[in-house]
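Inspection log for the structure reproduced underneath, given as structure tokens.
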Amino acid sequence: MQHPLYQQARFLKSAPSIKQAPPDEGWEVAFAGRSNAGKSSALNTITSQKSLARVSKTPGRTQLINFFELDDQRRLVDLPGYGFARVNEAMRREWERHLSEYIEKRESLAGLIVLMDIRHPLTEVDELMLGWTQGLELPVHVLLTKADKLKRGPAKATVLKVQKYLQEHYPHATAQTFSSLKREGLVQVWAKLDKWLHYERPAKKAD
Ligand SMILES: Nc1nc2c(ncn2[C@@H]2O[C@H](COP(=O)(O)OP(=O)(O)OP(=O)(O)O)[C@@H](O)[C@H]2O)c(=O)[nH]1
Ligand SMILES: [Mg+2]
């Protein structure tokens, strides 16, 4: 199962900060989340590509924003992973400055996907991230990743709890379960991305 837009994704460029980003035109959706939450895996699953987004062996080393081109108007963006344990204070500040600047100033940013491991969602640093999106009219969609690690019952209970919490504290945010391993939740994410990126899937030809 592939998607005509996301399967076209191609690496465009890496930028250390918003200054080096590609022109701020069209629409883009960014993927954020703690290191190891499964961002790279999700990007590869969504785009039906094996190694579009590189899986980093050294969390916290890459402070780059990676841009992937879908077509001449649309992009996906892989943001540096956050929350890695022993990163020094200066690096953490630098990360916060770059990320908050990107989220607040990037005109073409149409939505933010925030990935959280379903076994420990809504950590302090996730809340920091969600806080930056408040008052920006920036929609957020949370992917509770690695859903295959929980049984169906507990997974369902977690998503309901997270949805309720978001509704109360971040009403601009929605949530769903996701598994790259099982390709679960893919159709739901595609629908969200299509909407944010103003993309209409061509109608299937009747034959
Ligand atoms: N069981 C399971 N494991 C997953 C899933 N998605 C990712 N993983 C594993 O989780 C680990 C981290 O995945 P990545 O996709 O590299 O995570 P990331 O968020 O890109 O990490 P950083 O680049 O360090 O920020 C890897 O060992 C993956 O194989 C999933 O849906 N199910
Ligand atoms: Mg990654």
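The chains in the structure tokens are called A, B, ... from first to last as shown; in each chain the residues are counted from 1, and the ligands are counted from 1 in the order shown.
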
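Residues lying within 9 Å of Met129 (chain A), counting only C-alpha atoms and ignoring same-chain neighbours fewer than 5 positions away, are A:Ala32, A:Gly33, A:Leu99, A:Ser100, A:Val114, A:Glu124.
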
Can you tell me which residues surround region 198-206 of chain A at a distance of at most 9 Å, considering only C-alpha atoms, apart from same-chain residues fewer than 6 positions away, and format the answer as a CSV table (one decimal) with C-alpha atoms, in the first residue's frame?
chain,number,residue,atom,x,y,z
A,3,HIS,CA,0.5,6.9,-1.4
A,4,PRO,CA,1.0,8.8,-4.6
A,5,LEU,CA,2.4,11.9,-2.9
A,27,TRP,CA,3.3,23.8,2.8

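Those protein and nucleic acid residues that have any atom within 7 Å of ligand 2 are, using only C-alpha atoms and all ligand atoms, Ser35, Asn36, Gly38, Lys39, Ser40, Ala53, Arg54, Val55, Ser56 and Gly81 of chain A.
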
Serialized selection, N, CA and C atoms, as a JSON list (two decimals), in the first residue's frame:
[["chain", "number", "residue", "atom", "x", "y", "z"],
["A", 35, "SER", "N", 14.15, 11.53, 21.06],
["A", 35, "SER", "CA", 15.06, 10.62, 20.41],
["A", 35, "SER", "C", 14.61, 9.20, 20.70],
["A", 36, "ASN", "N", 14.60, 8.36, 19.65],
["A", 36, "ASN", "CA", 14.22, 6.96, 19.77],
["A", 36, "ASN", "C", 12.69, 6.75, 19.78],
["A", 38, "GLY", "N", 10.84, 6.94, 17.30],
["A", 38, "GLY", "CA", 10.49, 6.26, 16.05],
["A", 38, "GLY", "C", 10.19, 7.20, 14.89],
["A", 39, "LYS", "N", 10.78, 8.40, 14.92],
["A", 39, "LYS", "CA", 10.56, 9.39, 13.86],
["A", 39, "LYS", "C", 11.04, 8.90, 12.51],
["A", 40, "SER", "N", 12.29, 8.47, 12.47],
["A", 40, "SER", "CA", 12.85, 8.04, 11.19],
["A", 40, "SER", "C", 12.06, 6.85, 10.64],
["A", 53, "ALA", "N", 14.83, 8.48, 5.70],
["A", 53, "ALA", "CA", 15.35, 9.13, 6.90],
["A", 53, "ALA", "C", 16.34, 8.18, 7.56],
["A", 54, "ARG", "N", 17.53, 8.66, 7.79],
["A", 54, "ARG", "CA", 18.55, 7.82, 8.38],
["A", 54, "ARG", "C", 18.29, 7.58, 9.87],
["A", 55, "VAL", "N", 18.49, 6.35, 10.26],
["A", 55, "VAL", "CA", 18.33, 6.01, 11.68],
["A", 55, "VAL", "C", 19.66, 6.32, 12.37],
["A", 56, "SER", "N", 19.61, 7.28, 13.28],
["A", 56, "SER", "CA", 20.82, 7.74, 13.92],
["A", 56, "SER", "C", 21.22, 6.82, 15.08],
["A", 81, "GLY", "N", 15.81, 14.99, 17.11],
["A", 81, "GLY", "CA", 15.21, 14.32, 18.27],
["A", 81, "GLY", "C", 15.57, 15.05, 19.55]]

DSSP on the backbone: which residues in region 6-170 of chain A end up as helix (DSSP H, G or I)? Give the answer as a VMD selection string. chain A and resid 6 to 8 18 to 20 39 to 46 89 to 105 124 to 133 147 to 149 152 to 169

Using only C-alpha atoms and all ligand atoms, find each protein or nucleic acid residue lying at most 10 Å from ligand 1; present the set as a PDB file with N, CA and C atoms, in the first residue's frame.
ATOM      1  N   PHE A  31       7.989  16.593  11.645  1.00  0.00           N
ATOM      2  CA  PHE A  31       7.922  15.461  12.566  1.00  0.00           C
ATOM      3  C   PHE A  31       8.866  15.719  13.732  1.00  0.00           C
ATOM      4  N   ALA A  32       8.300  15.733  14.936  1.00  0.00           N
ATOM      5  CA  ALA A  32       9.105  15.992  16.120  1.00  0.00           C
ATOM      6  C   ALA A  32       8.883  14.877  17.130  1.00  0.00           C
ATOM      7  N   GLY A  33       9.812  14.725  18.042  1.00  0.00           N
ATOM      8  CA  GLY A  33       9.641  13.713  19.074  1.00  0.00           C
ATOM      9  C   GLY A  33      10.947  13.417  19.771  1.00  0.00           C
ATOM     10  N   ARG A  34      10.832  12.807  20.914  1.00  0.00           N
ATOM     11  CA  ARG A  34      12.028  12.415  21.654  1.00  0.00           C
ATOM     12  C   ARG A  34      12.879  11.488  20.815  1.00  0.00           C
ATOM     13  N   SER A  35      14.148  11.529  21.059  1.00  0.00           N
ATOM     14  CA  SER A  35      15.058  10.624  20.415  1.00  0.00           C
ATOM     15  C   SER A  35      14.605   9.198  20.699  1.00  0.00           C
ATOM     16  N   ASN A  36      14.603   8.364  19.647  1.00  0.00           N
ATOM     17  CA  ASN A  36      14.215   6.964  19.774  1.00  0.00           C
ATOM     18  C   ASN A  36      12.693   6.751  19.778  1.00  0.00           C
ATOM     19  N   ALA A  37      11.910   7.811  19.607  1.00  0.00           N
ATOM     20  CA  ALA A  37      10.450   7.664  19.583  1.00  0.00           C
ATOM     21  C   ALA A  37       9.987   6.944  18.316  1.00  0.00           C
ATOM     22  N   GLY A  38      10.837   6.938  17.298  1.00  0.00           N
ATOM     23  CA  GLY A  38      10.490   6.258  16.047  1.00  0.00           C
ATOM     24  C   GLY A  38      10.190   7.201  14.894  1.00  0.00           C
ATOM     25  N   LYS A  39      10.783   8.399  14.924  1.00  0.00           N
ATOM     26  CA  LYS A  39      10.560   9.388  13.863  1.00  0.00           C
ATOM     27  C   LYS A  39      11.038   8.903  12.508  1.00  0.00           C
ATOM     28  N   SER A  40      12.290   8.474  12.468  1.00  0.00           N
ATOM     29  CA  SER A  40      12.847   8.040  11.187  1.00  0.00           C
ATOM     30  C   SER A  40      12.063   6.854  10.644  1.00  0.00           C
ATOM     31  N   SER A  41      11.740   5.918  11.517  1.00  0.00           N
ATOM     32  CA  SER A  41      10.969   4.743  11.094  1.00  0.00           C
ATOM     33  C   SER A  41       9.607   5.164  10.551  1.00  0.00           C
ATOM     34  N   ALA A  42       8.939   6.095  11.224  1.00  0.00           N
ATOM     35  CA  ALA A  42       7.623   6.550  10.779  1.00  0.00           C
ATOM     36  C   ALA A  42       7.721   7.236   9.412  1.00  0.00           C
ATOM     37  N   LEU A  43       8.745   8.074   9.244  1.00  0.00           N
ATOM     38  CA  LEU A  43       8.914   8.754   7.954  1.00  0.00           C
ATOM     39  C   LEU A  43       9.125   7.746   6.828  1.00  0.00           C
ATOM     40  N   ASN A  44       9.928   6.716   7.111  1.00  0.00           N
ATOM     41  CA  ASN A  44      10.162   5.691   6.097  1.00  0.00           C
ATOM     42  C   ASN A  44       8.883   4.907   5.803  1.00  0.00           C
ATOM     43  N   THR A  45       8.091   4.626   6.826  1.00  0.00           N
ATOM     44  CA  THR A  45       6.837   3.885   6.631  1.00  0.00           C
ATOM     45  C   THR A  45       5.833   4.719   5.827  1.00  0.00           C
ATOM     46  N   ALA A  53      14.832   8.481   5.702  1.00  0.00           N
ATOM     47  CA  ALA A  53      15.352   9.135   6.905  1.00  0.00           C
ATOM     48  C   ALA A  53      16.335   8.185   7.563  1.00  0.00           C
ATOM     49  N   ARG A  54      17.527   8.662   7.786  1.00  0.00           N
ATOM     50  CA  ARG A  54      18.554   7.824   8.384  1.00  0.00           C
ATOM     51  C   ARG A  54      18.289   7.576   9.866  1.00  0.00           C
ATOM     52  N   VAL A  55      18.485   6.348  10.262  1.00  0.00           N
ATOM     53  CA  VAL A  55      18.332   6.014  11.678  1.00  0.00           C
ATOM     54  C   VAL A  55      19.658   6.316  12.369  1.00  0.00           C
ATOM     55  N   SER A  56      19.610   7.277  13.276  1.00  0.00           N
ATOM     56  CA  SER A  56      20.825   7.739  13.924  1.00  0.00           C
ATOM     57  C   SER A  56      21.222   6.824  15.076  1.00  0.00           C
ATOM     58  N   LYS A  57      22.487   6.424  15.075  1.00  0.00           N
ATOM     59  CA  LYS A  57      22.983   5.531  16.122  1.00  0.00           C
ATOM     60  C   LYS A  57      23.400   6.323  17.355  1.00  0.00           C
ATOM     61  N   THR A  58      23.655   7.606  17.191  1.00  0.00           N
ATOM     62  CA  THR A  58      24.115   8.441  18.302  1.00  0.00           C
ATOM     63  C   THR A  58      23.119   9.567  18.551  1.00  0.00           C
ATOM     64  N   PRO A  59      22.122   9.275  19.383  1.00  0.00           N
ATOM     65  CA  PRO A  59      21.087  10.271  19.624  1.00  0.00           C
ATOM     66  C   PRO A  59      21.683  11.563  20.170  1.00  0.00           C
ATOM     67  N   GLY A  60      21.171  12.681  19.681  1.00  0.00           N
ATOM     68  CA  GLY A  60      21.630  13.951  20.207  1.00  0.00           C
ATOM     69  C   GLY A  60      22.751  14.575  19.391  1.00  0.00           C
ATOM     70  N   ARG A  61      23.384  13.777  18.538  1.00  0.00           N
ATOM     71  CA  ARG A  61      24.489  14.299  17.741  1.00  0.00           C
ATOM     72  C   ARG A  61      23.973  15.184  16.600  1.00  0.00           C
ATOM     73  N   THR A  62      22.918  14.719  15.961  1.00  0.00           N
ATOM     74  CA  THR A  62      22.406  15.450  14.812  1.00  0.00           C
ATOM     75  C   THR A  62      21.473  16.562  15.265  1.00  0.00           C
ATOM     76  N   GLN A  63      21.891  17.780  15.041  1.00  0.00           N
ATOM     77  CA  GLN A  63      21.069  18.921  15.409  1.00  0.00           C
ATOM     78  C   GLN A  63      20.466  19.550  14.154  1.00  0.00           C
ATOM     79  N   ASP A  78      12.055  16.456   9.033  1.00  0.00           N
ATOM     80  CA  ASP A  78      12.469  15.632  10.174  1.00  0.00           C
ATOM     81  C   ASP A  78      13.237  16.541  11.136  1.00  0.00           C
ATOM     82  N   LEU A  79      12.651  16.798  12.289  1.00  0.00           N
ATOM     83  CA  LEU A  79      13.297  17.685  13.260  1.00  0.00           C
ATOM     84  C   LEU A  79      14.240  16.893  14.161  1.00  0.00           C
ATOM     85  N   PRO A  80      15.280  17.524  14.674  1.00  0.00           N
ATOM     86  CA  PRO A  80      16.197  16.791  15.553  1.00  0.00           C
ATOM     87  C   PRO A  80      15.482  16.206  16.770  1.00  0.00           C
ATOM     88  N   GLY A  81      15.814  14.990  17.112  1.00  0.00           N
ATOM     89  CA  GLY A  81      15.210  14.320  18.274  1.00  0.00           C
ATOM     90  C   GLY A  81      15.569  15.047  19.552  1.00  0.00           C
ATOM     91  N   TYR A  82      14.653  15.050  20.507  1.00  0.00           N
ATOM     92  CA  TYR A  82      14.937  15.750  21.747  1.00  0.00           C
ATOM     93  C   TYR A  82      14.843  14.826  22.955  1.00  0.00           C
ATOM     94  N   GLY A  83      15.297  15.310  24.070  1.00  0.00           N
ATOM     95  CA  GLY A  83      15.125  14.562  25.316  1.00  0.00           C
ATOM     96  C   GLY A  83      16.209  13.547  25.617  1.00  0.00           C
ATOM     97  N   PHE A  84      17.233  13.469  24.760  1.00  0.00           N
ATOM     98  CA  PHE A  84      18.314  12.523  24.997  1.00  0.00           C
ATOM     99  C   PHE A  84      18.944  12.845  26.348  1.00  0.00           C
ATOM    100  N   LEU A 115       5.672  12.610  17.766  1.00  0.00           N
ATOM    101  CA  LEU A 115       5.719  11.181  18.030  1.00  0.00           C
ATOM    102  C   LEU A 115       6.097  10.904  19.477  1.00  0.00           C
ATOM    103  N   MET A 116       5.351  10.005  20.087  1.00  0.00           N
ATOM    104  CA  MET A 116       5.642   9.602  21.466  1.00  0.00           C
ATOM    105  C   MET A 116       5.530   8.088  21.559  1.00  0.00           C
ATOM    106  N   ASP A 117       6.485   7.470  22.202  1.00  0.00           N
ATOM    107  CA  ASP A 117       6.423   6.036  22.455  1.00  0.00           C
ATOM    108  C   ASP A 117       5.169   5.762  23.306  1.00  0.00           C
ATOM    109  N   ILE A 118       4.309   4.870  22.836  1.00  0.00           N
ATOM    110  CA  ILE A 118       3.026   4.626  23.518  1.00  0.00           C
ATOM    111  C   ILE A 118       3.215   4.155  24.961  1.00  0.00           C
ATOM    112  N   LEU A 144       1.127   7.886  18.714  1.00  0.00           N
ATOM    113  CA  LEU A 144       1.595   7.037  19.808  1.00  0.00           C
ATOM    114  C   LEU A 144       2.245   5.829  19.157  1.00  0.00           C
ATOM    115  N   THR A 145       3.566   5.880  19.060  1.00  0.00           N
ATOM    116  CA  THR A 145       4.312   4.923  18.256  1.00  0.00           C
ATOM    117  C   THR A 145       4.603   3.625  18.994  1.00  0.00           C
ATOM    118  N   LYS A 146       5.054   2.652  18.212  1.00  0.00           N
ATOM    119  CA  LYS A 146       5.393   1.311  18.712  1.00  0.00           C
ATOM    120  C   LYS A 146       4.182   0.678  19.398  1.00  0.00           C
ATOM    121  N   ALA A 147       2.997   0.941  18.837  1.00  0.00           N
ATOM    122  CA  ALA A 147       1.746   0.414  19.394  1.00  0.00           C
ATOM    123  C   ALA A 147       1.770  -1.112  19.456  1.00  0.00           C
ATOM    124  N   ASP A 148       2.611  -1.723  18.605  1.00  0.00           N
ATOM    125  CA  ASP A 148       2.732  -3.196  18.618  1.00  0.00           C
ATOM    126  C   ASP A 148       3.332  -3.720  19.919  1.00  0.00           C
ATOM    127  N   LYS A 149       3.934  -2.826  20.710  1.00  0.00           N
ATOM    128  CA  LYS A 149       4.542  -3.240  21.979  1.00  0.00           C
ATOM    129  C   LYS A 149       3.489  -3.450  23.082  1.00  0.00           C
ATOM    130  N   LEU A 150       2.274  -2.975  22.835  1.00  0.00           N
ATOM    131  CA  LEU A 150       1.198  -3.161  23.817  1.00  0.00           C
ATOM    132  C   LEU A 150       0.103  -4.032  23.226  1.00  0.00           C
ATOM    133  N   THR A 177      -2.966   5.862  17.485  1.00  0.00           N
ATOM    134  CA  THR A 177      -1.886   4.890  17.652  1.00  0.00           C
ATOM    135  C   THR A 177      -1.199   4.692  16.301  1.00  0.00           C
ATOM    136  N   PHE A 178       0.051   4.236  16.369  1.00  0.00           N
ATOM    137  CA  PHE A 178       0.826   4.025  15.149  1.00  0.00           C
ATOM    138  C   PHE A 178       1.869   2.949  15.391  1.00  0.00           C
ATOM    139  N   SER A 179       2.087   2.123  14.383  1.00  0.00           N
ATOM    140  CA  SER A 179       3.175   1.155  14.448  1.00  0.00           C
ATOM    141  C   SER A 179       3.843   1.035  13.081  1.00  0.00           C
ATOM    142  N   SER A 180       5.111   1.370  13.045  1.00  0.00           N
ATOM    143  CA  SER A 180       5.869   1.211  11.798  1.00  0.00           C
ATOM    144  C   SER A 180       6.068  -0.269  11.504  1.00  0.00           C
ATOM    145  N   LEU A 181       6.282  -1.019  12.579  1.00  0.00           N
ATOM    146  CA  LEU A 181       6.512  -2.448  12.434  1.00  0.00           C
ATOM    147  C   LEU A 181       5.322  -3.129  11.763  1.00  0.00           C
ATOM    148  N   LYS A 182       4.107  -2.800  12.217  1.00  0.00           N
ATOM    149  CA  LYS A 182       2.896  -3.440  11.689  1.00  0.00           C
ATOM    150  C   LYS A 182       2.215  -2.595  10.613  1.00  0.00           C
ATOM    151  N   ARG A 183       2.768  -1.429  10.311  1.00  0.00           N
ATOM    152  CA  ARG A 183       2.166  -0.478   9.378  1.00  0.00           C
ATOM    153  C   ARG A 183       0.724  -0.149   9.809  1.00  0.00           C
ATOM    154  N   GLU A 184       0.546  -0.005  11.098  1.00  0.00           N
ATOM    155  CA  GLU A 184      -0.774   0.288  11.645  1.00  0.00           C
ATOM    156  C   GLU A 184      -0.952   1.795  11.825  1.00  0.00           C
TER     157      GLU A 184
END

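CA of Pro154 (chain A) is positioned 17.2 Å from CA of Val142 (chain A).
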
One decimal, in Å: what's the spacing between CA of Ile18 (chain A) and CA of Leu193 (chain A)? 21.8 Å

Show me, as a PyMOL selection string, the residues that have an atom within 12 Å of Pro23 (chain A) when counting only C-alpha atoms, minus same-chain residues fewer than 5 positions from it. chain A and resi 12-13+15+18+28+67+69+72-75+106-109

Mind the document's chain letters and residue numbers, and return as a ChimeraX atom specification the residues of region 88-142 of chain A that DSSP labels strand (DSSP E). /A:109-117,140-142

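Residue nearest Ala173 (chain A), chosen from A:His98, A:Lys151, A:Arg92, A:His141 and counting only C-alpha atoms: A:His141.
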
Shell around Ser48 (chain A) at 8 Å using only C-alpha atoms, local window under 5 positions removed, as number ranges by chain: A: 2-3, 6-7

Write the selection just made, keeping C-alpha atoms, as a PDB file, in the first residue's frame?
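Saved file part33.pdb follows:
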ATOM      1  CA  GLN A   2       1.538   3.280  -1.142  1.00  0.00           C
ATOM      2  CA  HIS A   3       0.493   6.893  -1.363  1.00  0.00           C
ATOM      3  CA  TYR A   6       4.513  10.521  -0.035  1.00  0.00           C
ATOM      4  CA  GLN A   7       6.110   7.784  -2.097  1.00  0.00           C
TER       5      GLN A   7
END

May I have the residues within 8 Å of Ser17 (chain A) as an MDAnalysis selection string, using only C-alpha atoms and disregarding those fewer than 4 positions away in the same chain? chainID A and resid 21 64:65 98 102
